[in-house]
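File shown here: final.cif, holding mmCIF, C-alpha atoms.
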data_model
#
loop_
_atom_site.group_PDB
_atom_site.id
_atom_site.type_symbol
_atom_site.label_atom_id
_atom_site.label_comp_id
_atom_site.auth_asym_id
_atom_site.auth_seq_id
_atom_site.Cartn_x
_atom_site.Cartn_y
_atom_site.Cartn_z
ATOM 1 C CA MET B 1 7.662 5.592 13.426
ATOM 2 C CA SER B 2 8.780 3.075 15.987
ATOM 3 C CA GLY B 3 8.214 -0.551 15.002
ATOM 4 C CA VAL B 4 7.442 0.315 11.380
ATOM 5 C CA ARG B 5 9.466 -1.218 8.565
ATOM 6 C CA THR B 6 9.728 0.736 5.335
ATOM 7 C CA VAL B 7 9.443 -1.504 2.294
ATOM 8 C CA GLY B 8 11.983 -0.588 -0.387
ATOM 9 C CA GLN B 9 14.690 -2.423 -2.295
ATOM 10 C CA GLY B 10 14.742 -6.137 -1.540
ATOM 11 C CA ILE B 11 11.020 -5.939 -0.788
ATOM 12 C CA VAL B 12 10.140 -9.301 -2.322
ATOM 13 C CA PHE B 13 12.511 -11.472 -0.309
ATOM 14 C CA ALA B 14 12.294 -9.547 2.965
ATOM 15 C CA ALA B 15 8.533 -9.289 2.844
ATOM 16 C CA MET B 16 8.170 -12.961 1.921
ATOM 17 C CA ALA B 17 10.258 -14.054 4.912
ATOM 18 C CA ALA B 18 8.410 -11.757 7.287
ATOM 19 C CA ALA B 19 4.990 -12.707 5.969
ATOM 20 C CA LEU B 20 5.618 -16.445 6.193
ATOM 21 C CA GLY B 21 6.760 -16.005 9.768
ATOM 22 C CA MET B 22 3.725 -13.904 10.653
ATOM 23 C CA VAL B 23 1.055 -16.356 9.540
ATOM 24 C CA LEU B 24 2.430 -19.562 11.023
ATOM 25 C CA GLY B 25 0.003 -20.558 13.719
ATOM 26 C CA ALA B 26 -2.350 -17.667 12.943
ATOM 27 C CA THR B 27 -6.071 -18.222 12.681
ATOM 28 C CA PRO B 28 -7.532 -16.757 9.468
ATOM 29 C CA GLY B 29 -9.691 -13.750 10.227
ATOM 30 C CA ALA B 30 -9.227 -14.074 13.981
ATOM 31 C CA GLY B 31 -10.290 -10.892 15.705
ATOM 32 C CA LEU B 32 -10.980 -9.079 12.433
ATOM 33 C CA ALA B 33 -14.169 -7.430 11.316
ATOM 34 C CA ASP B 34 -14.970 -6.111 7.876
ATOM 35 C CA GLY B 35 -13.749 -2.596 8.562
ATOM 36 C CA PRO B 36 -15.223 -0.270 11.178
ATOM 37 C CA ALA B 37 -18.892 -0.314 11.975
ATOM 38 C CA ALA B 38 -21.079 1.785 9.737
ATOM 39 C CA GLY B 39 -22.378 4.957 11.267
ATOM 40 C CA PRO B 40 -23.109 8.589 10.544
ATOM 41 C CA GLY B 41 -20.302 10.261 8.665
ATOM 42 C CA PRO B 42 -19.437 12.312 5.603
ATOM 43 C CA ALA B 43 -19.669 10.759 2.156
ATOM 44 C CA ALA B 44 -16.488 9.517 0.497
ATOM 45 C CA GLY B 45 -15.161 11.297 -2.546
ATOM 46 C CA SER B 46 -14.067 14.830 -3.263
ATOM 47 C CA GLY B 47 -13.636 17.122 -0.287
ATOM 48 C CA ALA B 48 -15.402 20.360 0.390
ATOM 49 C CA ALA B 49 -12.462 22.224 -1.140
ATOM 50 C CA THR B 50 -13.325 20.887 -4.604
ATOM 51 C CA GLY B 51 -17.022 21.668 -4.430
ATOM 52 C CA ALA B 52 -17.693 18.572 -6.537
ATOM 53 C CA PRO B 53 -20.506 16.112 -5.784
ATOM 54 C CA ALA B 54 -19.532 12.852 -4.103
ATOM 55 C CA PRO B 55 -21.224 9.450 -3.764
ATOM 56 C CA GLY B 56 -23.664 9.699 -0.882
ATOM 57 C CA ASP B 57 -24.457 6.080 -0.041
ATOM 58 C CA ILE B 58 -21.337 5.279 1.991
ATOM 59 C CA THR B 59 -21.163 5.841 5.736
ATOM 60 C CA PHE B 60 -18.091 5.150 7.791
ATOM 61 C CA ILE B 61 -16.142 6.012 10.916
ATOM 62 C CA GLU B 62 -12.883 7.896 10.576
ATOM 63 C CA ASP B 63 -10.155 8.039 13.188
ATOM 64 C CA ASP B 64 -10.352 11.816 13.477
ATOM 65 C CA ASP B 65 -12.513 12.424 16.527
ATOM 66 C CA ALA B 66 -9.482 13.981 18.183
ATOM 67 C CA GLY B 67 -9.772 16.786 15.677
ATOM 68 C CA ALA B 68 -13.384 17.562 16.566
ATOM 69 C CA PRO B 69 -14.196 20.837 18.359
ATOM 70 C CA GLY B 70 -13.059 20.709 21.953
ATOM 71 C CA LYS B 71 -11.046 17.502 21.500
ATOM 72 C CA GLY B 72 -7.694 18.932 20.438
ATOM 73 C CA ALA B 73 -5.709 18.565 17.235
ATOM 74 C CA VAL B 74 -4.924 15.312 15.459
ATOM 75 C CA ASN B 75 -1.300 14.174 15.716
ATOM 76 C CA PRO B 76 -0.509 12.454 12.380
ATOM 77 C CA PHE B 77 2.829 11.223 13.764
ATOM 78 C CA ALA B 78 1.348 9.459 16.791
ATOM 79 C CA THR B 79 2.755 5.963 17.242
ATOM 80 C CA GLY B 80 0.660 2.848 17.654
ATOM 81 C CA GLY B 81 -0.601 0.175 15.295
ATOM 82 C CA ALA B 82 -3.997 -0.957 14.084
ATOM 83 C CA ALA B 83 -5.140 -1.772 17.623
ATOM 84 C CA GLU B 84 -5.359 1.979 18.248
ATOM 85 C CA ARG B 85 -6.953 2.861 14.914
ATOM 86 C CA ARG B 86 -10.713 2.671 14.478
ATOM 87 C CA ASP B 87 -10.287 3.327 10.759
ATOM 88 C CA ALA B 88 -7.987 0.331 10.110
ATOM 89 C CA VAL B 89 -9.533 -2.115 7.624
ATOM 90 C CA ALA B 90 -8.688 -5.794 7.108
ATOM 91 C CA GLY B 91 -7.309 -6.768 3.700
ATOM 92 C CA TYR B 92 -4.074 -7.423 1.851
ATOM 93 C CA VAL B 93 -1.421 -5.681 -0.229
ATOM 94 C CA GLU B 94 -0.330 -7.577 -3.354
ATOM 95 C CA LEU B 95 3.163 -6.914 -4.703
ATOM 96 C CA SER B 96 4.303 -7.138 -8.314
ATOM 97 C CA SER B 97 5.914 -10.477 -7.418
ATOM 98 C CA GLY B 98 2.459 -11.909 -6.655
ATOM 99 C CA LEU B 99 3.069 -12.044 -2.897
ATOM 100 C CA LYS B 100 0.029 -11.025 -0.825
ATOM 101 C CA LEU B 101 0.600 -9.512 2.617
ATOM 102 C CA PRO B 102 -2.441 -9.660 4.938
ATOM 103 C CA GLY B 103 -3.236 -7.333 7.797
ATOM 104 C CA LYS B 104 -5.172 -4.289 8.921
ATOM 105 C CA ILE B 105 -4.605 -1.337 6.593
ATOM 106 C CA TYR B 106 -4.592 2.367 7.413
ATOM 107 C CA THR B 107 -2.914 5.611 6.363
ATOM 108 C CA THR B 108 -1.578 8.690 8.161
ATOM 109 C CA ARG B 109 -3.736 9.537 11.157
ATOM 110 C CA GLY B 110 -6.377 12.133 10.348
ATOM 111 C CA LYS B 111 -5.658 11.957 6.592
ATOM 112 C CA ARG B 112 -7.576 10.653 3.583
ATOM 113 C CA LEU B 113 -6.252 9.105 0.371
ATOM 114 C CA LYS B 114 -5.582 12.033 -1.985
ATOM 115 C CA VAL B 115 -6.121 11.125 -5.639
ATOM 116 C CA TYR B 116 -5.844 13.470 -8.619
ATOM 117 C CA ASN B 117 -8.784 12.414 -10.800
ATOM 118 C CA LEU B 118 -7.454 12.491 -14.374
ATOM 119 C CA LYS B 119 -10.954 12.398 -15.889
ATOM 120 C CA ARG B 120 -12.375 15.246 -13.805
ATOM 121 C CA GLY B 121 -9.197 17.277 -13.394
ATOM 122 C CA LEU B 122 -9.440 17.682 -9.620
ATOM 123 C CA TYR B 123 -8.283 16.115 -6.362
ATOM 124 C CA GLU B 124 -10.564 13.715 -4.526
ATOM 125 C CA TYR B 125 -10.144 12.703 -0.885
ATOM 126 C CA VAL B 126 -11.175 9.191 0.159
ATOM 127 C CA PRO B 127 -10.945 7.661 3.665
ATOM 128 C CA VAL B 128 -9.575 4.129 3.933
ATOM 129 C CA PRO B 129 -12.832 2.672 5.387
ATOM 130 C CA ALA B 130 -14.662 3.704 2.197
ATOM 131 C CA LEU B 131 -12.284 1.707 -0.048
ATOM 132 C CA LYS B 132 -13.014 -1.603 -1.738
ATOM 133 C CA ARG B 133 -9.777 -1.990 -3.707
ATOM 134 C CA ILE B 134 -6.911 -0.106 -5.363
ATOM 135 C CA ASP B 135 -5.297 -1.321 -8.605
ATOM 136 C CA VAL B 136 -2.207 -0.042 -10.417
ATOM 137 C CA THR B 137 -1.828 0.728 -14.113
ATOM 138 C CA VAL B 138 1.767 0.947 -15.349
ATOM 139 C CA GLU B 139 1.632 3.894 -17.754
ATOM 140 C CA TRP B 140 5.169 3.349 -18.981
ATOM 141 C CA GLU B 141 8.543 2.044 -17.835
ATOM 142 C CA ARG B 142 11.982 2.455 -19.333
ATOM 143 C CA VAL B 143 15.702 2.674 -18.636
ATOM 144 C CA ASP B 144 17.018 6.258 -18.852
ATOM 145 C CA PRO B 145 20.667 7.204 -19.486
ATOM 146 C CA GLU B 146 22.462 9.381 -16.960
ATOM 147 C CA TRP B 147 23.773 12.684 -18.301
ATOM 148 C CA ARG B 148 25.996 15.305 -16.719
ATOM 149 C CA PHE B 149 27.380 18.670 -17.716
ATOM 150 C CA LYS B 150 30.662 18.329 -19.569
ATOM 151 C CA GLU B 151 32.259 21.027 -17.426
ATOM 152 C CA ALA B 152 31.269 23.894 -15.151
ATOM 153 C CA GLY B 153 29.632 26.731 -17.091
ATOM 154 C CA ASN B 154 29.275 24.608 -20.236
ATOM 155 C CA PRO B 155 25.646 23.728 -21.140
ATOM 156 C CA GLU B 156 26.782 20.697 -23.137
ATOM 157 C CA LYS B 157 25.929 17.367 -21.526
ATOM 158 C CA VAL B 158 27.692 14.041 -21.918
ATOM 159 C CA PHE B 159 26.509 10.474 -21.284
ATOM 160 C CA THR B 160 28.159 8.958 -18.205
ATOM 161 C CA GLY B 161 27.772 5.386 -19.429
ATOM 162 C CA ARG B 162 25.358 4.583 -16.605
ATOM 163 C CA SER B 163 21.567 4.203 -16.660
ATOM 164 C CA TYR B 164 18.656 3.720 -14.248
ATOM 165 C CA PRO B 165 15.070 2.384 -14.503
ATOM 166 C CA VAL B 166 12.028 4.665 -14.304
ATOM 167 C CA ARG B 167 8.332 3.776 -14.099
ATOM 168 C CA SER B 168 5.162 5.888 -14.178
ATOM 169 C CA MET B 169 1.968 4.583 -12.557
ATOM 170 C CA ALA B 170 -1.687 5.527 -12.291
ATOM 171 C CA TRP B 171 -4.223 4.080 -9.845
ATOM 172 C CA THR B 172 -7.830 2.951 -10.053
ATOM 173 C CA VAL B 173 -9.478 3.540 -6.678
ATOM 174 C CA VAL B 174 -12.742 1.622 -6.220
ATOM 175 C CA LEU B 175 -15.098 2.621 -3.404
ATOM 176 C CA ARG B 176 -17.441 0.298 -1.553
ATOM 177 C CA ASN B 177 -20.349 1.522 -3.683
ATOM 178 C CA ASP B 178 -18.293 0.607 -6.828
ATOM 179 C CA HIS B 179 -17.652 4.256 -7.712
ATOM 180 C CA GLU B 180 -14.252 4.436 -9.480
ATOM 181 C CA ILE B 181 -11.604 7.146 -9.472
ATOM 182 C CA TYR B 182 -8.751 6.880 -11.977
ATOM 183 C CA GLY B 183 -5.760 9.095 -11.405
ATOM 184 C CA HIS B 184 -2.402 9.786 -9.817
ATOM 185 C CA ILE B 185 -1.453 9.396 -6.161
ATOM 186 C CA LEU B 186 1.536 11.468 -5.115
ATOM 187 C CA GLY B 187 3.371 9.879 -2.190
ATOM 188 C CA GLN B 188 0.536 8.475 -0.070
ATOM 189 C CA PRO B 189 1.688 6.047 2.670
ATOM 190 C CA LEU B 190 -0.263 2.908 3.531
ATOM 191 C CA TYR B 191 0.499 0.860 6.635
ATOM 192 C CA ILE B 192 -0.394 -2.801 6.986
ATOM 193 C CA ASP B 193 -0.374 -4.268 10.495
ATOM 194 C CA HIS B 194 -0.378 -7.998 11.151
ATOM 195 C CA ASN B 195 0.194 -9.393 14.638
ATOM 196 C CA GLY B 196 1.943 -6.198 15.726
ATOM 197 C CA LYS B 197 4.353 -6.077 12.785
ATOM 198 C CA VAL B 198 3.844 -3.052 10.547
ATOM 199 C CA ASP B 199 5.011 -2.601 6.946
ATOM 200 C CA ARG B 200 4.948 0.813 5.278
ATOM 201 C CA PHE B 201 4.172 1.115 1.566
ATOM 202 C CA LEU B 202 4.089 4.210 -0.610
ATOM 203 C CA LEU B 203 1.503 4.797 -3.328
ATOM 204 C CA HIS B 204 3.000 7.230 -5.827
ATOM 205 C CA GLN B 205 3.126 8.086 -9.505
ATOM 206 C CA ARG B 206 6.816 7.710 -10.270
ATOM 207 C CA ASP B 207 9.345 5.009 -9.390
ATOM 208 C CA LYS B 208 13.095 5.410 -9.911
ATOM 209 C CA GLY B 209 15.649 2.665 -9.375
ATOM 210 C CA GLU B 210 19.370 2.648 -8.717
ATOM 211 C CA MET B 211 22.111 2.955 -11.317
ATOM 212 C CA GLY B 212 22.618 -0.286 -13.212
ATOM 213 C CA GLN B 213 19.229 -1.756 -12.306
ATOM 214 C CA THR B 214 16.458 -2.773 -14.716
ATOM 215 C CA VAL B 215 12.717 -2.151 -14.386
ATOM 216 C CA GLN B 216 12.348 -5.728 -13.123
ATOM 217 C CA ASP B 217 14.580 -4.816 -10.174
ATOM 218 C CA ILE B 218 12.167 -2.228 -8.751
ATOM 219 C CA PRO B 219 9.058 -3.941 -7.322
ATOM 220 C CA TYR B 220 5.791 -2.102 -6.881
ATOM 221 C CA ILE B 221 2.326 -2.540 -5.410
ATOM 222 C CA ARG B 222 0.018 -4.307 -7.857
ATOM 223 C CA SER B 223 -3.191 -3.957 -5.852
ATOM 224 C CA VAL B 224 -4.684 -3.416 -2.406
ATOM 225 C CA VAL B 225 -7.881 -5.341 -1.583
ATOM 226 C CA PHE B 226 -10.005 -4.626 1.477
ATOM 227 C CA GLY B 227 -12.301 -6.946 3.429
ATOM 228 C CA VAL B 228 -12.111 -9.969 5.729
ATOM 229 C CA GLU B 229 -12.509 -12.374 2.810
ATOM 230 C CA ALA B 230 -9.466 -10.858 1.118
ATOM 231 C CA TYR B 231 -7.501 -11.010 4.375
ATOM 232 C CA ASN B 232 -8.325 -14.701 4.888
ATOM 233 C CA GLN B 233 -7.408 -15.494 1.280
ATOM 234 C CA ALA B 234 -3.951 -13.951 1.727
ATOM 235 C CA VAL B 235 -3.407 -15.748 5.044
ATOM 236 C CA ASP B 236 -4.357 -19.102 3.492
ATOM 237 C CA GLU B 237 -1.983 -18.551 0.568
ATOM 238 C CA LEU B 238 0.912 -17.667 2.872
ATOM 239 C CA LYS B 239 0.258 -20.714 5.054
ATOM 240 C CA ALA B 240 0.236 -22.944 1.982
ATOM 241 C CA LYS B 241 3.567 -21.470 0.859
ATOM 242 C CA ALA B 242 5.030 -21.956 4.342
ATOM 243 C CA GLU B 243 3.887 -25.591 4.449
ATOM 244 C CA ALA B 244 5.237 -26.251 0.941
ATOM 245 C CA ALA B 245 8.578 -24.692 1.875
ATOM 246 C CA GLY B 246 8.713 -26.803 5.044
ATOM 247 C CA ALA B 247 7.900 -30.000 3.161
ATOM 248 C CA LYS B 248 10.549 -29.231 0.546
ATOM 249 C CA LYS B 249 13.143 -28.596 3.244
ATOM 250 C CA THR B 250 12.275 -31.848 5.027
ATOM 251 C CA GLY B 251 12.416 -33.814 1.782
ATOM 252 C CA ALA B 252 15.824 -32.366 0.895
ATOM 253 C CA ALA B 253 17.253 -33.131 4.307
ATOM 254 C CA ALA B 254 16.059 -36.752 4.403
ATOM 255 C CA PRO B 255 18.650 -38.198 1.954
ATOM 256 C CA ALA B 256 21.476 -36.580 3.923
ATOM 257 C CA LYS B 257 20.622 -38.683 6.992
ATOM 258 C CA LYS B 258 21.099 -41.991 5.165
#

Starting from the file, give its structure as structure tokens.
Amino acid sequence: MSGVRTVGQGIVFAAMAAALGMVLGATPGAGLADGPAAGPGPAAGSGAATGAPAPGDITFIEDDDAGAPGKGAVNPFATGGAAERRDAVAGYVELSSGLKLPGKIYTTRGKRLKVYNLKRGLYEYVPVPALKRIDVTVEWERVDPEWRFKEAGNPEKVFTGRSYPVRSMAWTVVLRNDHEIYGHILGQPLYIDHNGKVDRFLLHQRDKGEMGQTVQDIPYIRSVVFGVEAYNQAVDELKAKAEAAGAKKTGAAAPAKK
């Protein structure tokens, strides 16, 4: 996707630099509303394919009118940021480093968040406008040794002397009516758009790092919080960090001029 940056290794430092640059001079909450306007729409929760009941007190607008009868098929790969998405919701993404990135949040066009509910044993499908927050639970993390076959045709394996970090995660998805879904998300992208700059994050169950890394070297998403209040909070925090960094730089440079 043009103009979209994929967040991967080095996420903490790159995202920090980009975020501080984005908020300088920005007005908290400017031009943002608390998600799309409420209106007639299907209830959030499990899809028709599951046949399971879903919370019925949430109404929302999804960006899927193009898929309605007579309007053509939805193109999930269509370019364009939050300005073209009616289902984009203001909020922030918080990383494991504690950094909060504000913006308008959305997922693949015409898609819902697919969560395997561990308690009910089925998949549930939730649109972004129906979300209140998403929180991670680290199920386990460890450093695994790398093994290889000793030789072709020989089932015996030998340790290569190298290792890599692995992490397993589950997610608690909270809807706007406080209904909770606890389960696994398998490779669901989330995009966060702020002032035309878009970061791409991936919600998934399993993280694997590079050889020689530790679990501390592979950052992850700690939570995603939706709403204008959350967006403004993240903007204020980034501005404070930018001002503190500027003051520290000025103070360090002053003695050099004497």

Reference answer for the PyMOL selection byres ((chain B and resi 159) around 12), as an MDAnalysis selection string: chainID B and resid 144:150 156:158 160:163

Matched chain/residue IDs from the PyMOL selection byres ((chain B and resi 166) around 10), as a PyMOL selection string: chain B and resi 140-144+163-165+167-168+206-210+213-215+218

Result set, the PyMOL selection byres ((chain B and resi 128) around 12) on current file, as a PyMOL selection string: chain B and resi 35-36+44-45+58-63+85-91+104-114+125-127+129-134+173-176+188-192+224-227

Distance in Å - atom CA of B:Lys248 versus atom CA of B:Ser96: 24.6 Å

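Comparing B:Val235, B:Val93, B:Val136, B:Ile221 by their smallest distance to B:His184, the closest is B:Val136 (using all atoms listed in the file).
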
Test item: residues at most 9 Å from B:Ser97, only C-alpha atoms, excluding those fewer than 6 positions along its chain, as a list in words: Val12, Pro219, Tyr220, Ile221 and Arg222 of chain B

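One distance worth recording is that between atom CA of B:Met169 and atom CA of B:Leu99, which is 19.3 Å.
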
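Closest approach to B:Lys197 among B:His179, B:Leu101, B:Ser223, B:Asn154: B:Leu101, based on all atoms listed in the file.
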
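Counting from atom CA of B:Tyr123, the distance to atom CA of B:Asp193 is 27.6 Å.
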
Taking every listed atom of stretch 93-110 of chain B and adding 8 Å to each side, what centre and edge lengths in Å (one decimal) does the axis-aligned box have, as AutoDock Vina command-line options?
--center_x -0.2 --center_y 0.0 --center_z 1.4 --size_x 28.3 --size_y 40.2 --size_z 35.5

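Restricting the calculation to all atoms listed in the file, the smallest distance between B:Ala234 and any of B:Ile181, B:Thr137, B:Met211, B:His194 is found for B:His194.
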
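With distances restricted to all atoms listed in the file, B:Leu118 is the closest residue to B:Gly183 from B:Val138, B:Leu118, B:Leu95, B:Ala152.
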
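Of the listed residues B:Gly98, B:Leu186, B:Tyr231, B:Asn177, the one whose atoms come nearest to B:Gln205 is B:Leu186, with distances taken using only C-alpha atoms.
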